[in-house]
Amino acid sequence: MNGPLINVWRGFRSLVSGMRITLQQFFKPNVTVQYPHESIKMPERFRGHIIFVRDPDSGKSLCIACKSCAKACPSECIVVDGVKREGEKKKSVTEFKLDFTKCSLCGSCVEVCPADALRFSKEYNLASPTKGEYVEIDLVRRLEADKP
Amino acid sequence: MNLPEPFRLLLFVLGTMAFVGANAAYLVWVERKGAARFQRRPGPTEVGPAGLLQPIADALKLMSKQLIVPPGVDSILFRLAPILVMMPAMMCLATIPFSEALAARNINVALVMVFAFSSINVMAIMLGGWASRNKYAIISAARIVSQNIAYEIPMMLVVITLVMMTGTMNLREIVDQQAGAIWHWNLFRLDENPLMPVTFVIFYICMLAETNRAPFDMAEAESELVAGAFTEYAGMGFGVYFMAEYANIVVGCALATLLFLGGWQSPIGVWSGIPWFLLKMYALVFSVIWVRWTFPRTQFYSLLNLSWKILIPVSLATLVLTAIMMKIL
Amino acid sequence: MILQKDIERLSAGSNETFVLNLGPQHPATHGVLRVKLTMDGEFITRAEPVPGYIHRMHEKMGENRTWAQFLPNTSRIDYLSAMAYTHAYVAAVERAAKIEVPARAEYIRVITSELNRVSSHLVWFGAFLLDLGGFTPLLYAFDDREKILDLLEGLTGSRLTYCYYRFGGVCNDIDAGFVEGARAFVTYMRPRLLMYRELVTDNVILRKRLIGIGFIDRDMCRRYGASGAVLRGAGVNYDVRRAEPYSVYPQFNFDIPVFPEGDCMARYLVRMEEIAQSLRIIEQALDGLPEGPFLAKGVPRMMKPPAGDYCFAVEAARGRFVVRVVSEGKDIPYRLRLRTPSFSNLSLFEEASRGMMLPDALALMGSLDLVIPDIDR
């Protein structure tokens, strides 16, 4: 006779203690970040899409158009081209396009780059009404326009 | 007030409708804000200060949506169900006295009327589920019928216990008997029946089950039945179901307040009035929301087990105990 | 042409069963799993999982790219337990190419894998409670998980698809901030587990829903090749970390939680206990973290492992994950086979759910902890 009653009482008590816990949480501060009003700073190693590193001396890209990144890319989404200009030791980049619709942000290209010419963008608000903007992210033009 | 009778009635019908509408709209806001606080997030904030205009925005959105009547449904019943589901909540509110002076009708058998109409609500949801021609909706309709049959009984037994104690079914008289101070409330009238708090808990559980609120939300059960009986409803059709749910919660909580918590009587004996009634009622409404955001859903058979194996025997026991105590003392 | 199957189906229609299409879009299938349920009222007479809605041919993809280029894929098979999956793949290739991994790298792998396991179990915990109709624990669990994700994002640059391990080590070293953060997380998480215990585990409604529901016994596990918490919840003490020790797991002191009941509650308790054990491992690994390089020297950029057939198994959050690579000594694998735990854990659903009621079957499905891309891969 006592067994079921004790069980009912225990069950009831477990419900009350559950409600006590949620009430405690009720008065604690929010844990969420209200995104459009406030945003989180991306960590140092955040992997956004890739952009060029600017050479501090010349202001140009460090890229030597060796195409290691294009080869390392698992999705074949990088197209690089470069020319060897007169009087320069290394090739310089003329075209560097990233097909962001294919990119999986793995970072293989940054890792493999012998000239350390690539880094990750901290830009994460990637949205556009047109697809075109991300089919070809033109790194050369971005460097010229000084876009992040 | 000495208004002519038809005018008075019209005023009350309009008042009740406005009250139900405002409550349904703003309880959604309270629910969302409350849920957010329990989960430590801010909830709606964008529309108006503290998201206060959110219900209006939601209503506009729902009203501007197309009312889809899927092919193959029983179109008369499908359209009728949302109307039917709203009606009993409004009718019940007509019997509920908010204070000494503020009541649509002082009816002698108010309690019987409330329970008679609250059962229509079940039928309406069942009709909606049946008419939808959707498997999930039919499962939900079948569930809601057996759930409500199971929970009407202990609720009735509890109410009978109460009526035995008070000797009346007139809600105003029931409240008047609880005047004085907190120990005169039916909840604490342990001299009549020492199990009174248990009866209140049973009433509360039954109210949750009757209004299909979590943890007894078998009809909606979104992780099992998508949206149960409401799956096929679009736009305001769904909106009306949604409003009816909150209207029923208000009716349930108002009834619990009147029957157990002394209605508009103040706990200290002086300054009785509507504010007390509203305070107690909304405290109960808040607890309903609190329960929803704490517990997982019960399984269907444990829901029935709870009713048939625990609630009905216990409420029968309190009924018998009350009878014995009335005879002996 | 009328097939025998159709005749059976038509004649089956004469009794009172109906077919309920659960998914591919259904709140309880968490993704695009479709289960064709033949129902008798609310009782399931037959449940037929229909996988394949998110099949991406990971195995085939492995055969047309270099060894290193497959690394990003490993994070995308089971997106909740990416570290362990990458671990299995790099370890298989390391075994093939006979690369010695520095001790520090192994420690870092253990720490990150275990953090990842905790975060995976937290997602499961929240989603499982959501299946059972409890909303709030999900948000609490995600709050805790967020702390892990922040830690791992600071370390790897990504929140889910880490792609952090490399052949011969890891790609970034951990810093003092990470170590401190991981320690802080361990001390933060322990009281939270007590809180979950009181809020969820002891809750009478949850216990009623889980105890005695969804029996999966030893024998059924053996027949379907179930692993992970499903197997340990059926009373079999099998954990790859103990049975086939890899990395530096033998150096740590931890228990394998085993519950013999074989019901949903047992699987639930196994996973909750595993979170506590993972915290223990993380703590020990942080204490014993050796100095040294985090990446082996002399690993060629273009891997060409010697010809042969190599296997490596790890204990992922969902169970035993095996990578088998067949090399021909070329720069791309000849064959890459992934044995994923969710697939075999799903296979037993059909048998285990027979005769159950719909909500119980969904509780059973939730307790299997399925990740749909892991089933389809």
# chains A, B, ... in the order shown; residues from 1 in each chain; ligands from 1

$ interface_residues --of "chain C" --to "chain B" --cutoff "9 Å" --atoms "only C-alpha atoms" --output "PyMOL selection string"
chain C and resi 18-20+26-29+41-42+129-140+199-200+203+205-206+208-209+358-360+362

$ residues_around --residues "Gly107 of chain A" --least-positions-apart "6" --cutoff "12 Å" --atoms "only C-alpha atoms" --output "PyMOL selection string"
(chain A and resi 45-51+69-70+72-75+113+118-121) or (chain C and resi 68-69+71-72+156-158+161-164+171)

$ select_by_dssp --residues "segment 46-118 of chain C" --states "strand (DSSP E or B)" --output "list in words"
Arg46, Ala47, Glu48, Pro49 and Val50 of chain C

$ residues_around --residues "Val93 of chain A" --least-positions-apart "4" --cutoff "12 Å" --atoms "only C-alpha atoms" --output "ChimeraX atom specification"
/A:52,60-67,79-85,97,117,138-141,143

$ interface_residues --of "chain A" --to "chain B" --cutoff "7 Å" --atoms "only C-alpha atoms" --output "MDAnalysis selection string"
chainID A and resid 18:19 22:23 25:26 28:32

$ write_last_selection --atoms "N, CA and C atoms" --output "JSON list (two decimals), in the first residue's frame"
[["chain", "number", "residue", "atom", "x", "y", "z"],
["A", 18, "GLY", "N", 12.07, 20.19, -10.52],
["A", 18, "GLY", "CA", 12.30, 20.66, -11.89],
["A", 18, "GLY", "C", 11.82, 22.08, -12.07],
["A", 19, "MET", "N", 10.65, 22.37, -11.51],
["A", 19, "MET", "CA", 10.11, 23.71, -11.66],
["A", 19, "MET", "C", 10.95, 24.73, -10.89],
["A", 22, "THR", "N", 13.89, 25.65, -13.23],
["A", 22, "THR", "CA", 13.58, 26.58, -14.32],
["A", 22, "THR", "C", 13.29, 27.97, -13.78],
["A", 23, "LEU", "N", 12.71, 28.04, -12.57],
["A", 23, "LEU", "CA", 12.45, 29.37, -12.01],
["A", 23, "LEU", "C", 13.76, 30.07, -11.68],
["A", 25, "GLN", "N", 16.47, 29.76, -13.30],
["A", 25, "GLN", "CA", 17.00, 30.25, -14.57],
["A", 25, "GLN", "C", 16.24, 31.48, -15.04],
["A", 26, "PHE", "N", 14.97, 31.55, -14.67],
["A", 26, "PHE", "CA", 14.10, 32.65, -15.10],
["A", 26, "PHE", "C", 14.70, 34.00, -14.74],
["A", 28, "LYS", "N", 17.92, 34.69, -14.19],
["A", 28, "LYS", "CA", 19.31, 34.89, -14.56],
["A", 28, "LYS", "C", 19.39, 35.70, -15.86],
["A", 29, "PRO", "N", 20.52, 36.35, -16.10],
["A", 29, "PRO", "CA", 20.60, 37.18, -17.31],
["A", 29, "PRO", "C", 20.59, 36.35, -18.59],
["A", 30, "ASN", "N", 20.33, 37.04, -19.69],
["A", 30, "ASN", "CA", 20.31, 36.37, -21.00],
["A", 30, "ASN", "C", 21.67, 35.82, -21.34],
["A", 31, "VAL", "N", 21.67, 34.74, -22.12],
["A", 31, "VAL", "CA", 22.94, 34.22, -22.60],
["A", 31, "VAL", "C", 23.10, 34.44, -24.10],
["A", 32, "THR", "N", 22.05, 34.95, -24.73],
["A", 32, "THR", "CA", 22.12, 35.08, -26.19],
["A", 32, "THR", "C", 22.66, 36.45, -26.57]]

$ select_by_dssp --residues "segment 8-141 of chain A" --states "helix (DSSP H, G or I)" --output "PyMOL selection string"
chain A and resi 8-26+68-72+108-112+132-135+139-141

$ residues_around --residues "Ala285 of chain C" --least-positions-apart "5" --cutoff "9 Å" --atoms "only C-alpha atoms" --output "ChimeraX atom specification"
/C:107-108,110-111,251-252,280

$ write_last_selection --atoms "C-alpha atoms" --output "PDB file, in the first residue's frame"
ATOM      1  CA  TYR C 107      47.239  14.760 -26.444  1.00  0.00           C
ATOM      2  CA  ILE C 108      45.730  17.640 -28.366  1.00  0.00           C
ATOM      3  CA  VAL C 110      42.405  13.509 -27.344  1.00  0.00           C
ATOM      4  CA  ILE C 111      41.440  16.807 -25.739  1.00  0.00           C
ATOM      5  CA  GLN C 251      47.304   6.540 -20.446  1.00  0.00           C
ATOM      6  CA  PHE C 252      44.098   7.924 -19.021  1.00  0.00           C
ATOM      7  CA  ARG C 280      37.687  13.360 -16.641  1.00  0.00           C
TER       8      ARG C 280
END

$ closest_residue --among "A:Ala127, A:Ile21, A:Cys103, A:Leu15" --to "Tyr196 of chain C" --atoms "only C-alpha atoms"
A:Ile21
